[in-house]
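Step one of this worksheet: look at the structure below.
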Amino acid sequence: MTVGVLKTLGTFLVFLLVQVLVLNQVHLFDSATPLLYIYMVLLFPRNYPKWGMLAWAFAMGLGVDMFSNTPGVAASSLTLVALLRPYLLELFLQRESAEDLVPSMKVLGFGRYLFFAFIIVFTYCLVFFSLEAFSFFNWMQWLFCVGGSTLLTLVLVMVLDNLRSR
């Protein structure tokens, strides 16, 4: 095993344990749940193989699904986000940027990174809560879940990225 695979495996286990043991118990106003494991998808370097990113995202989603009683919802949502991430990242990078670049506030700048992370987190929350509810019968609750979880997760992602870049 290479150092990169071991580092990714360690990151995977830390985010999975934190989400399952701590963050799944947090429900602010009965609608906002922090979904910090999305940050793992943001941490992959630019030149990381797409199949590897999809495999890690699917495994993370499957792990969260097993412990959260959401059969396939997190796995499908996180896999979709991992599929879209390389194409979205190209919109925020300059052409001459390094191939092994890891997106962060330090590299992209605060505004571009915030917008990039917002698109990823919002897409994930939109798909996740749409699949979980599977109807728009109670659309106000769905809207609060998507908005609240997006906002809470985005704040945690920005704080964690700020701490990581120091």
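Chains: A, B, ... in order of the structure tokens. Residues: from 1 per chain. Ligands: from 1, in order shown.
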
| field | DSSP-assigned alpha helix (DSSP H) members of segment 31-166 of chain A, reported as a PyMOL selection string | value | chain A and resi 39-42+50-68+73-92+105-108+110-133+139-165

| query | Which one is closest to Gly109 of chain A: A:Leu16, A:Leu43, A:Leu152, A:Met158? Count only C-alpha atoms. | reply |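 Ranking A:Leu16, A:Leu43, A:Leu152, A:Met158 by distance to Gly109 of chain A, first place goes to A:Met158.
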
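You can rank A:Asp30, A:Glu132, A:Glu90, A:Asp65 by their closest distance to Arg46 of chain A using only C-alpha atoms, and at the top of that list sits A:Glu90.
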
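Put simply, atom CA of Leu21 of chain A is 14.4 Å away from atom CA of Met60 of chain A.
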
| message | Calculated over only C-alpha atoms, which of the candidates A:Met105, A:Leu13, A:Leu42, A:Ile120 has the smallest distance to Asn162 of chain A? | response |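 Smallest separation from Asn162 of chain A among the options: A:Met105.
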
| remark: Pairwise distance, atom CA of Ala117 of chain A with atom CA of Thr70 of chain A, equals 23.7 Å

| said: I'd like the interatomic distance between atom CA of Val41 of chain A and atom CA of Leu151 of chain A, to a tenth of an Å. | reply: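 Atom CA of Val41 of chain A sits 17.5 Å away from atom CA of Leu151 of chain A.
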
| Nearest to Thr150 of chain A by atom-to-atom distance, counting only C-alpha atoms, from A:Asn47, A:Ser97, A:Ser31, A:Thr2 | A:Ser31

| query | If you count only C-alpha atoms, which residues fall within 12 Å of segment 83-85 of chain A, apart from same-chain ones fewer than 6 positions away, as number ranges by chain? | reply | A: 38-58, 76-77, 91-92, 103, 116-121, 123-124

| note | The residue from A:His27, A:Val146, A:Asp161, A:Gln19 with the smallest atom-to-atom distance to Val102 of chain A, counting only C-alpha atoms, is A:Asp161

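Nearest-residue note for Phe134 of chain A: choosing from A:Leu78, A:Leu156, A:Val73, A:Ala98, the minimum distance belongs to A:Val73, counting only C-alpha atoms.
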